[in-house]
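Undergrad: Dropping in model22.cif, with mmCIF, C-alpha atoms.
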```
data_data
loop_
_atom_site.label_atom_id
_atom_site.label_comp_id
_atom_site.auth_asym_id
_atom_site.auth_seq_id
_atom_site.Cartn_x
_atom_site.Cartn_y
_atom_site.Cartn_z
CA MET A 5 24.77 -73.23 173.35
CA LEU A 6 28.16 -74.24 171.94
CA ASP A 7 29.67 -71.70 169.54
CA ALA A 8 30.76 -73.68 166.47
CA ASN A 9 32.80 -70.70 165.26
CA ARG A 10 34.97 -70.26 168.34
CA GLU A 11 38.65 -70.05 167.43
CA ASP A 12 39.73 -72.64 169.98
CA LEU A 13 37.22 -75.31 168.91
CA VAL A 14 38.57 -78.85 169.29
CA LEU A 15 36.96 -81.62 167.24
CA GLY A 16 37.48 -85.27 168.07
CA ILE A 17 37.08 -87.89 165.35
CA VAL A 18 36.85 -91.59 166.18
CA GLY A 19 37.59 -93.75 163.15
CA ALA A 20 40.54 -93.00 160.85
CA GLY A 21 39.15 -94.58 157.71
CA LEU A 22 38.12 -92.81 154.50
CA MET A 23 35.21 -90.98 156.09
CA GLY A 24 37.08 -89.94 159.24
CA ARG A 25 39.98 -88.66 157.14
CA GLY A 26 37.67 -86.62 154.96
CA ILE A 27 36.01 -84.97 157.95
CA ALA A 28 39.43 -84.26 159.46
CA GLN A 29 40.60 -82.63 156.23
CA ILE A 30 37.74 -80.15 155.90
CA ALA A 31 37.82 -79.36 159.63
CA ALA A 32 41.56 -78.68 159.66
CA LEU A 33 41.24 -76.45 156.60
CA ALA A 34 38.51 -74.54 158.46
CA GLY A 35 40.93 -73.72 161.29
CA ILE A 36 39.72 -76.40 163.71
CA GLU A 37 42.08 -78.50 165.80
CA VAL A 38 41.35 -82.18 165.15
CA LEU A 39 42.14 -85.12 167.40
CA MET A 40 41.95 -88.48 165.61
CA PHE A 41 41.64 -91.87 167.28
CA ASP A 42 41.25 -95.37 165.90
CA LEU A 43 41.24 -98.71 167.69
CA ARG A 44 43.78 -100.10 165.24
CA ALA A 45 47.25 -99.19 166.42
CA GLY A 46 48.95 -96.77 164.05
CA ALA A 47 45.79 -96.02 162.03
CA ALA A 48 45.53 -92.41 163.20
CA GLU A 49 49.17 -91.79 162.30
CA GLU A 50 48.60 -93.35 158.87
CA ALA A 51 45.59 -91.12 158.38
CA LYS A 52 47.61 -87.99 159.20
CA ALA A 53 50.35 -89.03 156.77
CA ALA A 54 47.78 -89.64 154.02
CA LEU A 55 46.14 -86.27 154.71
CA GLU A 56 49.51 -84.53 154.51
CA GLN A 57 49.95 -86.04 151.04
CA THR A 58 46.46 -84.90 150.03
CA LEU A 59 47.16 -81.37 151.25
CA SER A 60 50.44 -81.34 149.30
CA MET A 61 48.51 -82.32 146.16
CA LEU A 62 46.19 -79.36 146.74
CA VAL A 63 49.25 -77.10 146.92
CA ASP A 64 50.53 -78.55 143.64
CA LYS A 65 47.17 -77.82 142.03
CA GLY A 66 47.25 -74.23 143.27
CA LYS A 67 44.27 -74.67 145.59
CA LEU A 68 46.29 -74.10 148.79
CA SER A 69 49.38 -72.14 149.66
CA ALA A 70 52.32 -73.86 151.32
CA ASP A 71 51.58 -71.94 154.54
CA GLU A 72 47.92 -73.01 154.51
CA ARG A 73 48.99 -76.60 153.96
CA ALA A 74 51.43 -76.49 156.88
CA ALA A 75 48.83 -74.88 159.18
CA ALA A 76 46.14 -77.44 158.31
CA ALA A 77 48.51 -80.39 158.74
CA GLY A 78 49.59 -79.03 162.11
CA ARG A 79 45.99 -79.00 163.34
CA ILE A 80 45.58 -82.77 162.84
CA VAL A 81 46.77 -84.61 165.94
CA PRO A 82 46.71 -88.42 166.28
CA ALA A 83 45.45 -89.55 169.69
CA ALA A 84 46.81 -92.68 171.34
CA ALA A 85 43.74 -93.17 173.53
CA LEU A 86 40.20 -91.86 173.96
CA GLY A 87 41.31 -90.25 177.19
CA GLU A 88 42.95 -87.51 175.12
CA PHE A 89 39.48 -86.38 174.01
CA ALA A 90 38.77 -84.79 177.38
CA ARG A 91 39.21 -81.29 175.95
CA CYS A 92 37.02 -81.81 172.87
CA HIS A 93 34.01 -79.58 172.31
CA VAL A 94 32.55 -81.89 169.64
CA VAL A 95 33.22 -85.56 168.89
CA VAL A 96 32.15 -87.22 165.64
CA GLU A 97 32.26 -90.99 165.36
CA ALA A 98 32.93 -92.56 161.96
CA ILE A 99 33.25 -96.21 162.94
CA ILE A 100 31.57 -99.41 161.76
CA GLU A 101 27.83 -99.19 161.00
CA ASN A 102 26.78 -101.24 164.01
CA LEU A 103 24.36 -100.03 166.67
CA ASP A 104 26.00 -101.82 169.60
CA ALA A 105 29.46 -100.59 168.62
CA LYS A 106 28.28 -96.99 168.40
CA ARG A 107 26.42 -97.20 171.71
CA ASP A 108 29.47 -98.68 173.45
CA LEU A 109 31.69 -95.94 172.03
CA PHE A 110 29.40 -93.14 173.18
CA ARG A 111 29.19 -94.63 176.65
CA GLN A 112 33.00 -94.66 176.78
CA LEU A 113 33.15 -91.07 175.53
CA GLU A 114 30.72 -89.91 178.23
CA GLY A 115 33.28 -91.05 180.79
CA VAL A 116 35.93 -88.85 179.16
CA VAL A 117 34.45 -85.64 177.72
CA GLY A 118 32.73 -82.83 179.59
CA ASP A 119 28.96 -82.75 179.98
CA ASP A 120 28.77 -79.86 177.50
CA CYS A 121 30.56 -81.79 174.73
CA LEU A 122 28.40 -82.54 171.69
CA LEU A 123 28.45 -86.17 170.51
CA ALA A 124 27.66 -86.73 166.83
CA SER A 125 27.30 -89.93 164.83
CA ASN A 126 28.17 -90.20 161.16
CA THR A 127 25.72 -93.09 160.85
CA SER A 128 24.18 -93.45 157.41
CA SER A 129 21.15 -95.52 158.37
CA LEU A 130 20.90 -96.29 162.09
CA ALA A 131 18.38 -94.48 164.27
CA VAL A 132 20.03 -91.58 166.08
CA THR A 133 17.44 -91.95 168.85
CA SER A 134 18.55 -95.56 169.42
CA ILE A 135 22.20 -94.53 169.67
CA ALA A 136 21.41 -91.67 172.05
CA ALA A 137 19.15 -93.77 174.28
CA ALA A 138 22.20 -95.62 175.65
CA CYS A 139 23.83 -92.37 176.81
CA ARG A 140 23.70 -90.70 180.20
CA LEU A 141 22.97 -87.38 178.47
CA PRO A 142 21.04 -88.34 175.33
CA GLU A 143 20.03 -84.75 174.64
CA ARG A 144 23.56 -83.88 173.44
CA VAL A 145 23.59 -86.59 170.73
CA ALA A 146 22.69 -86.08 167.07
CA GLY A 147 23.49 -87.40 163.62
CA PHE A 148 26.06 -85.68 161.38
CA HIS A 149 26.08 -87.72 158.17
CA PHE A 150 28.70 -86.84 155.56
CA PHE A 151 29.08 -88.40 152.13
CA SER A 152 32.17 -89.85 150.49
CA PRO A 153 34.46 -88.35 149.36
CA VAL A 154 33.82 -85.76 152.06
CA PRO A 155 35.90 -82.88 150.61
CA LEU A 156 34.02 -83.09 147.29
CA MET A 157 30.50 -83.99 148.44
CA LYS A 158 29.50 -80.63 149.90
CA ILE A 159 26.40 -81.77 151.73
CA VAL A 160 25.87 -83.14 155.25
CA GLU A 161 22.69 -84.36 156.91
CA VAL A 162 22.02 -83.01 160.41
CA ILE A 163 19.68 -85.37 162.25
CA GLU A 164 18.09 -84.69 165.62
CA GLY A 165 16.81 -87.69 167.53
CA VAL A 166 13.68 -87.67 169.65
CA LEU A 167 15.79 -86.80 172.71
CA SER A 168 18.14 -84.25 171.08
CA ALA A 169 18.19 -80.74 172.52
CA PRO A 170 17.53 -77.92 169.98
CA TRP A 171 21.01 -76.43 170.41
CA VAL A 172 22.65 -79.62 169.17
CA GLY A 173 21.18 -79.41 165.67
CA GLU A 174 21.83 -75.67 165.54
CA THR A 175 25.48 -76.17 166.51
CA LEU A 176 26.06 -78.90 163.92
CA THR A 177 24.40 -76.75 161.26
CA ALA A 178 26.79 -73.90 162.05
CA LEU A 179 29.76 -76.28 162.18
CA ALA A 180 28.91 -77.69 158.75
CA ARG A 181 28.84 -74.19 157.28
CA ARG A 182 32.16 -73.35 158.92
CA MET A 183 33.66 -76.39 157.20
CA GLY A 184 32.32 -75.31 153.82
CA HIS A 185 29.44 -77.78 153.60
CA THR A 186 25.72 -77.30 153.10
CA PRO A 187 23.77 -78.68 156.07
CA VAL A 188 20.38 -80.30 155.48
CA ARG A 189 18.13 -80.90 158.46
CA ALA A 190 16.70 -84.42 158.30
CA LYS A 191 14.20 -86.43 160.33
CA ASP A 192 15.38 -89.45 162.29
CA THR A 193 13.84 -91.94 159.88
CA PRO A 194 15.55 -94.98 158.29
CA GLY A 195 18.13 -93.78 155.76
CA PHE A 196 17.33 -90.13 156.55
CA ILE A 197 17.02 -88.31 153.19
CA VAL A 198 19.76 -89.42 150.81
CA ASN A 199 19.98 -93.11 151.67
CA HIS A 200 16.20 -93.37 151.71
CA ALA A 201 16.04 -91.91 148.21
CA GLY A 202 18.95 -94.15 147.26
CA ARG A 203 16.76 -97.22 147.54
CA GLY A 204 15.29 -96.20 144.19
CA PHE A 205 18.79 -95.90 142.73
CA LEU A 206 20.87 -98.74 144.13
CA THR A 207 18.30 -101.36 145.13
CA GLU A 208 16.29 -100.96 141.94
CA ALA A 209 19.45 -101.15 139.84
CA LEU A 210 20.38 -104.42 141.53
CA ARG A 211 16.88 -105.71 140.86
CA ILE A 212 17.16 -104.84 137.14
CA VAL A 213 20.37 -106.84 136.90
CA GLY A 214 18.94 -109.68 138.98
CA GLU A 215 15.95 -109.98 136.65
CA GLY A 216 18.20 -110.10 133.60
CA VAL A 217 16.92 -106.87 132.09
CA ALA A 218 20.42 -105.47 131.58
CA ASP A 219 23.96 -105.97 132.87
CA PHE A 220 25.48 -103.59 135.40
CA ALA A 221 27.67 -101.72 132.88
CA THR A 222 24.64 -101.01 130.70
CA VAL A 223 22.61 -99.77 133.66
CA ASP A 224 25.45 -97.41 134.60
CA ARG A 225 25.85 -96.18 131.02
CA VAL A 226 22.13 -95.48 130.59
CA LEU A 227 21.80 -93.58 133.87
CA ARG A 228 24.86 -91.46 133.10
CA ALA A 229 23.96 -90.69 129.50
CA ALA A 230 20.17 -90.50 129.69
CA ALA A 231 19.48 -89.38 133.26
CA GLY A 232 22.50 -87.14 133.85
CA PHE A 233 24.00 -88.92 136.87
CA ARG A 234 27.73 -88.40 137.32
CA LEU A 235 28.09 -92.01 138.49
CA GLY A 236 25.94 -95.01 137.72
CA PRO A 237 24.65 -97.10 140.64
CA PHE A 238 27.27 -99.82 140.27
CA GLU A 239 30.08 -97.29 139.95
CA LEU A 240 28.77 -95.72 143.16
CA LEU A 241 28.63 -99.09 144.92
CA ASP A 242 32.24 -99.71 143.92
CA LEU A 243 33.24 -96.29 145.22
CA THR A 244 31.58 -96.67 148.63
CA GLY A 245 32.30 -100.41 148.97
CA LEU A 246 29.81 -103.23 149.44
CA ASP A 247 31.05 -103.67 153.00
CA VAL A 248 29.47 -100.26 153.65
CA SER A 249 26.53 -100.23 151.24
CA HIS A 250 25.06 -103.70 151.77
CA PRO A 251 24.68 -103.39 155.57
CA VAL A 252 22.92 -100.05 154.97
CA MET A 253 20.49 -101.77 152.59
CA GLU A 254 19.78 -104.45 155.18
CA SER A 255 19.42 -101.89 157.97
CA ILE A 256 16.89 -99.77 156.09
CA TYR A 257 14.94 -102.86 154.98
CA ASN A 258 14.66 -104.14 158.55
CA GLN A 259 13.83 -100.73 160.04
CA TYR A 260 10.90 -100.49 157.64
CA TYR A 261 9.65 -103.89 158.85
CA GLN A 262 10.70 -105.76 155.69
CA GLU A 263 8.89 -103.45 153.30
CA PRO A 264 9.26 -105.29 149.92
CA ARG A 265 10.27 -102.14 148.05
CA TYR A 266 13.48 -101.93 150.12
CA ARG A 267 14.42 -105.63 149.97
CA PRO A 268 18.23 -106.01 149.45
CA SER A 269 19.56 -108.03 146.57
CA PRO A 270 21.24 -111.45 146.88
CA ILE A 271 23.71 -110.20 144.27
CA ALA A 272 25.19 -107.72 146.73
CA ARG A 273 25.30 -110.26 149.56
CA GLN A 274 27.04 -112.84 147.36
CA ARG A 275 29.66 -110.40 146.08
CA LEU A 276 30.28 -109.13 149.60
CA ALA A 277 30.91 -112.71 150.74
CA ALA A 278 33.39 -113.10 147.87
CA GLY A 279 35.33 -110.03 148.96
CA LEU A 280 34.41 -108.08 145.80
CA LEU A 281 34.06 -104.82 147.72
CA GLY A 282 34.90 -102.38 144.95
CA ARG A 283 37.75 -99.93 144.58
CA LYS A 284 39.15 -100.64 148.05
CA SER A 285 39.69 -104.33 147.19
CA GLY A 286 40.72 -103.76 143.58
CA ARG A 287 37.66 -105.51 142.20
CA GLY A 288 33.92 -105.07 142.56
CA PHE A 289 31.43 -104.76 139.76
CA TYR A 290 34.42 -103.43 137.85
CA VAL A 291 38.12 -104.24 137.97
CA HIS A 292 40.03 -101.25 139.33
CA ALA A 293 43.55 -100.28 138.25
CA ASP A 294 45.29 -97.36 139.95
CA GLY A 295 42.01 -96.53 141.65
CA LYS A 296 40.07 -96.23 138.39
CA PRO A 297 37.36 -98.64 137.14
CA GLN A 298 38.07 -100.44 133.89
CA THR A 299 34.82 -99.84 132.04
CA PRO A 300 33.94 -102.25 129.20
CA PRO A 301 33.29 -100.57 125.83
CA ALA A 302 29.69 -99.95 124.88
CA PRO A 303 28.34 -102.51 122.43
CA ALA A 304 27.80 -101.35 118.88
CA ALA A 305 24.28 -100.29 117.97
CA PRO A 306 22.38 -103.00 116.11
CA ALA A 307 22.20 -102.57 112.35
CA LEU A 308 18.94 -101.41 110.84
CA ARG A 309 16.92 -104.02 109.02
CA ASP A 310 16.02 -103.46 105.41
#
```
Could you render the structure from this file as structure tokens?
TA:
Amino acid sequence: MLDANREDLVLGIVGAGLMGRGIAQIAALAGIEVLMFDLRAGAAEEAKAALEQTLSMLVDKGKLSADERAAAAGRIVPAAALGEFARCHVVVEAIIENLDAKRDLFRQLEGVVGDDCLLASNTSSLAVTSIAAACRLPERVAGFHFFSPVPLMKIVEVIEGVLSAPWVGETLTALARRMGHTPVRAKDTPGFIVNHAGRGFLTEALRIVGEGVADFATVDRVLRAAAGFRLGPFELLDLTGLDVSHPVMESIYNQYYQEPRYRPSPIARQRLAAGLLGRKSGRGFYVHADGKPQTPPAPAAPALRD
């Protein structure tokens, strides 16, 4: 069994986007050397530069010392090619939510890493068993699903596929704890735990708007004020981006054989086609300025009748 607490642990991350950066940050702060690779030239270097800025902000806020910041930044190493992952003990992919792309990547990784290297997918909705089935050693594959923003969302789903060996889930559970997160063991079912439950939050909210019951700002306001959510469903969709959230909705719907309760909304598809992704594009359900949504004021309460 791989020791997730070994001092010389090397973690490979494929995908230098928001999710990959977040995983790299918490790993580096936990004393783990991180190799980052992205197909887009220069993306890994950009990710390291952005993480250095984030770490500097933590120093300014008094959450890190200058020495801790320098040590963490030094542990993040951009990789020019997957071939540099040969010495990794664990590799986590955080690429596009596409089954064929993830299968192809894992097949490539199996030609690079050792047979004892653990391969983990950050998939949010795809079947881990389906990803692993394309591998030469499917027993070393599992799901390791973080939530955005990774440094603040202190939970991670650990998902064993049908073919996963017991040590894989145990190792990822220990690794999550080392990185300061709470691991939750989940079954390899569509959406796992959180995204399955999210159908009642996001999909139902879209249906309420689609049926003309309320507008999106009102739905958000009610769920924050009356139900205690920190973010309303449309604020959450803007944070994650419709380019991420809508394919997950479609994936879960299709994996449940078009169960009507999980049917995606045409509203999301239309806005995705228009490029209204959310914060990352500057406009989604809300207009975003300096990374913050511009929330319309709540309407005045109707006057009482005499």
Undergrad: Please work out which residues fall within 6 Å of (30.6, -84.2, 168.8), coordinates as given in the file, with all atoms listed in the file counting, and return them as a list of chain:residue names.
TA: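 Those residues, ordered by chain and then number, are A:Val94, A:Val95, A:Val96, A:Leu122, A:Leu123, A:Ala124.
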Undergrad: Those selected residues, please, written with C-alpha atoms and delivered as a PDB file, keeping the file's coordinate frame.
TA:
```
ATOM      1  CA  VAL A  94      32.550 -81.890 169.640  1.00  0.00           C
ATOM      2  CA  VAL A  95      33.220 -85.560 168.890  1.00  0.00           C
ATOM      3  CA  VAL A  96      32.150 -87.220 165.640  1.00  0.00           C
ATOM      4  CA  LEU A 122      28.400 -82.540 171.690  1.00  0.00           C
ATOM      5  CA  LEU A 123      28.450 -86.170 170.510  1.00  0.00           C
ATOM      6  CA  ALA A 124      27.660 -86.730 166.830  1.00  0.00           C
TER       7      ALA A 124
END
```
Undergrad: Per residue of segment 88-171 of chain A within 7 Å of segment 23-38 of chain A, which atom pair is closest and at what distance in Å (one decimal), using only C-alpha atoms, listed by chain and increasing number, as CSV?
TA:
```
residue,atom,partner,partner_atom,distance
A:Ala98,CA,A:Gly24,CA,5.6
A:Ser152,CA,A:Met23,CA,6.5
A:Pro153,CA,A:Gly26,CA,6.7
A:Val154,CA,A:Gly26,CA,4.9
A:Pro155,CA,A:Gly26,CA,6.0
```
Undergrad: The selected residues should be written to file as a PDB file, keeping the file's coordinate frame (atoms: C-alpha atoms).
TA:
```pdb
ATOM      1  CA  ALA A  98      32.930 -92.560 161.960  1.00  0.00           C
ATOM      2  CA  SER A 152      32.170 -89.850 150.490  1.00  0.00           C
ATOM      3  CA  PRO A 153      34.460 -88.350 149.360  1.00  0.00           C
ATOM      4  CA  VAL A 154      33.820 -85.760 152.060  1.00  0.00           C
ATOM      5  CA  PRO A 155      35.900 -82.880 150.610  1.00  0.00           C
TER       6      PRO A 155
END
```
Undergrad: Using all atoms listed in the file, determine which residues lie at most 8 Å from segment 106-112 of chain A, disregarding the query and same-chain residues fewer than 5 positions distant; provide the list as a list in words.
TA: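 Residues meeting the cut-off are Glu97, Ile99, Ile100, Glu101, Leu123, Ser125, Ile135, Ala136, Ala138, Cys139 and Arg140 of chain A.
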Undergrad: As an exercise, work out the distance from atom CA of Arg267 of chain A to atom CA of Ala218 of chain A in Å and give it to one decimal place.
TA: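 Atom CA of Ala218 of chain A lies at a distance of 19.3 Å from atom CA of Arg267 of chain A.
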Undergrad: Smallest atom-to-atom distance to His250 of chain A: which of A:Val188, A:Ala277, A:Leu39, A:Leu156, using all atoms listed in the file?
TA: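 Ranked by minimum distance to His250 of chain A, first place goes to A:Ala277.
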Undergrad: Hey, what comes out of the PyMOL selection byres ((chain A and resi 59) around 10) on this file? Could you write it as a PDB file with C-alpha atoms, keeping the file's coordinate frame?
TA:
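The resulting result24.pdb:
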```pdb
ATOM      1  CA  GLN A  29      40.600 -82.630 156.230  1.00  0.00           C
ATOM      2  CA  LEU A  33      41.240 -76.450 156.600  1.00  0.00           C
ATOM      3  CA  ALA A  53      50.350 -89.030 156.770  1.00  0.00           C
ATOM      4  CA  ALA A  54      47.780 -89.640 154.020  1.00  0.00           C
ATOM      5  CA  LEU A  55      46.140 -86.270 154.710  1.00  0.00           C
ATOM      6  CA  GLU A  56      49.510 -84.530 154.510  1.00  0.00           C
ATOM      7  CA  GLN A  57      49.950 -86.040 151.040  1.00  0.00           C
ATOM      8  CA  THR A  58      46.460 -84.900 150.030  1.00  0.00           C
ATOM      9  CA  SER A  60      50.440 -81.340 149.300  1.00  0.00           C
ATOM     10  CA  MET A  61      48.510 -82.320 146.160  1.00  0.00           C
ATOM     11  CA  LEU A  62      46.190 -79.360 146.740  1.00  0.00           C
ATOM     12  CA  VAL A  63      49.250 -77.100 146.920  1.00  0.00           C
ATOM     13  CA  ASP A  64      50.530 -78.550 143.640  1.00  0.00           C
ATOM     14  CA  LYS A  65      47.170 -77.820 142.030  1.00  0.00           C
ATOM     15  CA  LYS A  67      44.270 -74.670 145.590  1.00  0.00           C
ATOM     16  CA  LEU A  68      46.290 -74.100 148.790  1.00  0.00           C
ATOM     17  CA  SER A  69      49.380 -72.140 149.660  1.00  0.00           C
ATOM     18  CA  ALA A  70      52.320 -73.860 151.320  1.00  0.00           C
ATOM     19  CA  GLU A  72      47.920 -73.010 154.510  1.00  0.00           C
ATOM     20  CA  ARG A  73      48.990 -76.600 153.960  1.00  0.00           C
ATOM     21  CA  ALA A  74      51.430 -76.490 156.880  1.00  0.00           C
ATOM     22  CA  ALA A  76      46.140 -77.440 158.310  1.00  0.00           C
ATOM     23  CA  ALA A  77      48.510 -80.390 158.740  1.00  0.00           C
TER      24      ALA A  77
END
```
Undergrad: Using the chain letters and residue numbers of this document, give as a list in words the residues selected by the PyMOL selection byres ((chain A and resi 207) around 10).
TA: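 That selection, the PyMOL selection byres ((chain A and resi 207) around 10), comes back as Gly202, Arg203, Gly204, Phe205, Leu206, Glu208, Ala209, Leu210, Arg211, Ile212, Pro237, His250, Met253, Arg265, Tyr266, Arg267, Pro268, Ser269 and Ala272 of chain A.
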Undergrad: Give me, as a count of residues only, all polymer residues having an atom no more than 12 Å from Asp119 of chain A, counting all atoms listed in the file and skipping those fewer than 4 positions away in the same chain.
TA: 17
Undergrad: For a quick check of understanding, using all atoms listed in the file, which of A:Pro306, A:Pro300, A:Gly87, A:Gly118 has the smallest distance to Asp219 of chain A?
TA: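 Between A:Pro306, A:Pro300, A:Gly87, A:Gly118, the residue approaching Asp219 of chain A most closely is A:Pro300.
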Undergrad: Report, in Å to a single decimal, how far apart atom CA of Ser128 of chain A and atom CA of Ala48 of chain A are.
TA: 22.1 Å
Undergrad: What is the atom CA of Thr222 of chain A-atom CA of Pro251 of chain A distance in Å, reported with one decimal?
TA: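 Atom CA of Thr222 of chain A sits 25.0 Å away from atom CA of Pro251 of chain A.
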Undergrad: If the PyMOL selection byres ((chain A and resi 191) around 8) were run on this exact file, what residues would it hold? Put them as an mmCIF file with C-alpha atoms, keeping the file's coordinate frame.
TA:
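The result, stored in expr.cif:
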```cif
data_model
loop_
_atom_site.group_PDB
_atom_site.id
_atom_site.type_symbol
_atom_site.label_atom_id
_atom_site.label_comp_id
_atom_site.auth_asym_id
_atom_site.auth_seq_id
_atom_site.Cartn_x
_atom_site.Cartn_y
_atom_site.Cartn_z
ATOM 1 C CA ILE A 163 19.680 -85.370 162.250
ATOM 2 C CA GLU A 164 18.090 -84.690 165.620
ATOM 3 C CA GLY A 165 16.810 -87.690 167.530
ATOM 4 C CA ARG A 189 18.130 -80.900 158.460
ATOM 5 C CA ALA A 190 16.700 -84.420 158.300
ATOM 6 C CA ASP A 192 15.380 -89.450 162.290
ATOM 7 C CA THR A 193 13.840 -91.940 159.880
ATOM 8 C CA PHE A 196 17.330 -90.130 156.550
ATOM 9 C CA ILE A 197 17.020 -88.310 153.190
#
```
Undergrad: Which is closest to Asn258 of chain A among A:Ala105, A:Leu130, A:Val226, A:Ala231, if we use all atoms listed in the file?
TA: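 Of A:Ala105, A:Leu130, A:Val226, A:Ala231, the one nearest Asn258 of chain A is A:Leu130, counting all atoms listed in the file.
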Undergrad: Looking at A:Glu50, A:Asp71, A:Asp7, A:Asp104, which one is nearest to Leu22 of chain A, with distances taken over only C-alpha atoms?
TA: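 Among A:Glu50, A:Asp71, A:Asp7, A:Asp104, it is A:Glu50 that comes nearest to Leu22 of chain A.
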Undergrad: Kindly provide, as a PDB file with C-alpha atoms, in the coordinates of the input, the polymer residues lying within 7 Å of (40.0, -88.5, 168.1), counting only C-alpha atoms and using the coordinates exactly as they appear in the file.
TA:
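Below is the file out12.pdb, written as the result:
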```pdb
ATOM      1  CA  GLY A  16      37.480 -85.270 168.070  1.00  0.00           C
ATOM      2  CA  ILE A  17      37.080 -87.890 165.350  1.00  0.00           C
ATOM      3  CA  VAL A  18      36.850 -91.590 166.180  1.00  0.00           C
ATOM      4  CA  LEU A  39      42.140 -85.120 167.400  1.00  0.00           C
ATOM      5  CA  MET A  40      41.950 -88.480 165.610  1.00  0.00           C
ATOM      6  CA  PHE A  41      41.640 -91.870 167.280  1.00  0.00           C
ATOM      7  CA  PRO A  82      46.710 -88.420 166.280  1.00  0.00           C
ATOM      8  CA  ALA A  83      45.450 -89.550 169.690  1.00  0.00           C
ATOM      9  CA  LEU A  86      40.200 -91.860 173.960  1.00  0.00           C
ATOM     10  CA  PHE A  89      39.480 -86.380 174.010  1.00  0.00           C
TER      11      PHE A  89
END
```
Undergrad: Which residues, written as a list in words, have at least one atom at most 8 Å from Thr244 of chain A, with all atoms listed in the file counted and residues fewer than 4 positions away on the same chain left out?
TA: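 Listing them by chain and then by number gives Ser152, Leu240, Val248, Ser249 and Gly282 of chain A.
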Undergrad: Take the selection from the previous step and output its residues with C-alpha atoms, as a PDB file, in the coordinates of the input.
TA:
```pdb
ATOM      1  CA  SER A 152      32.170 -89.850 150.490  1.00  0.00           C
ATOM      2  CA  LEU A 240      28.770 -95.720 143.160  1.00  0.00           C
ATOM      3  CA  VAL A 248      29.470-100.260 153.650  1.00  0.00           C
ATOM      4  CA  SER A 249      26.530-100.230 151.240  1.00  0.00           C
ATOM      5  CA  GLY A 282      34.900-102.380 144.950  1.00  0.00           C
TER       6      GLY A 282
END
```
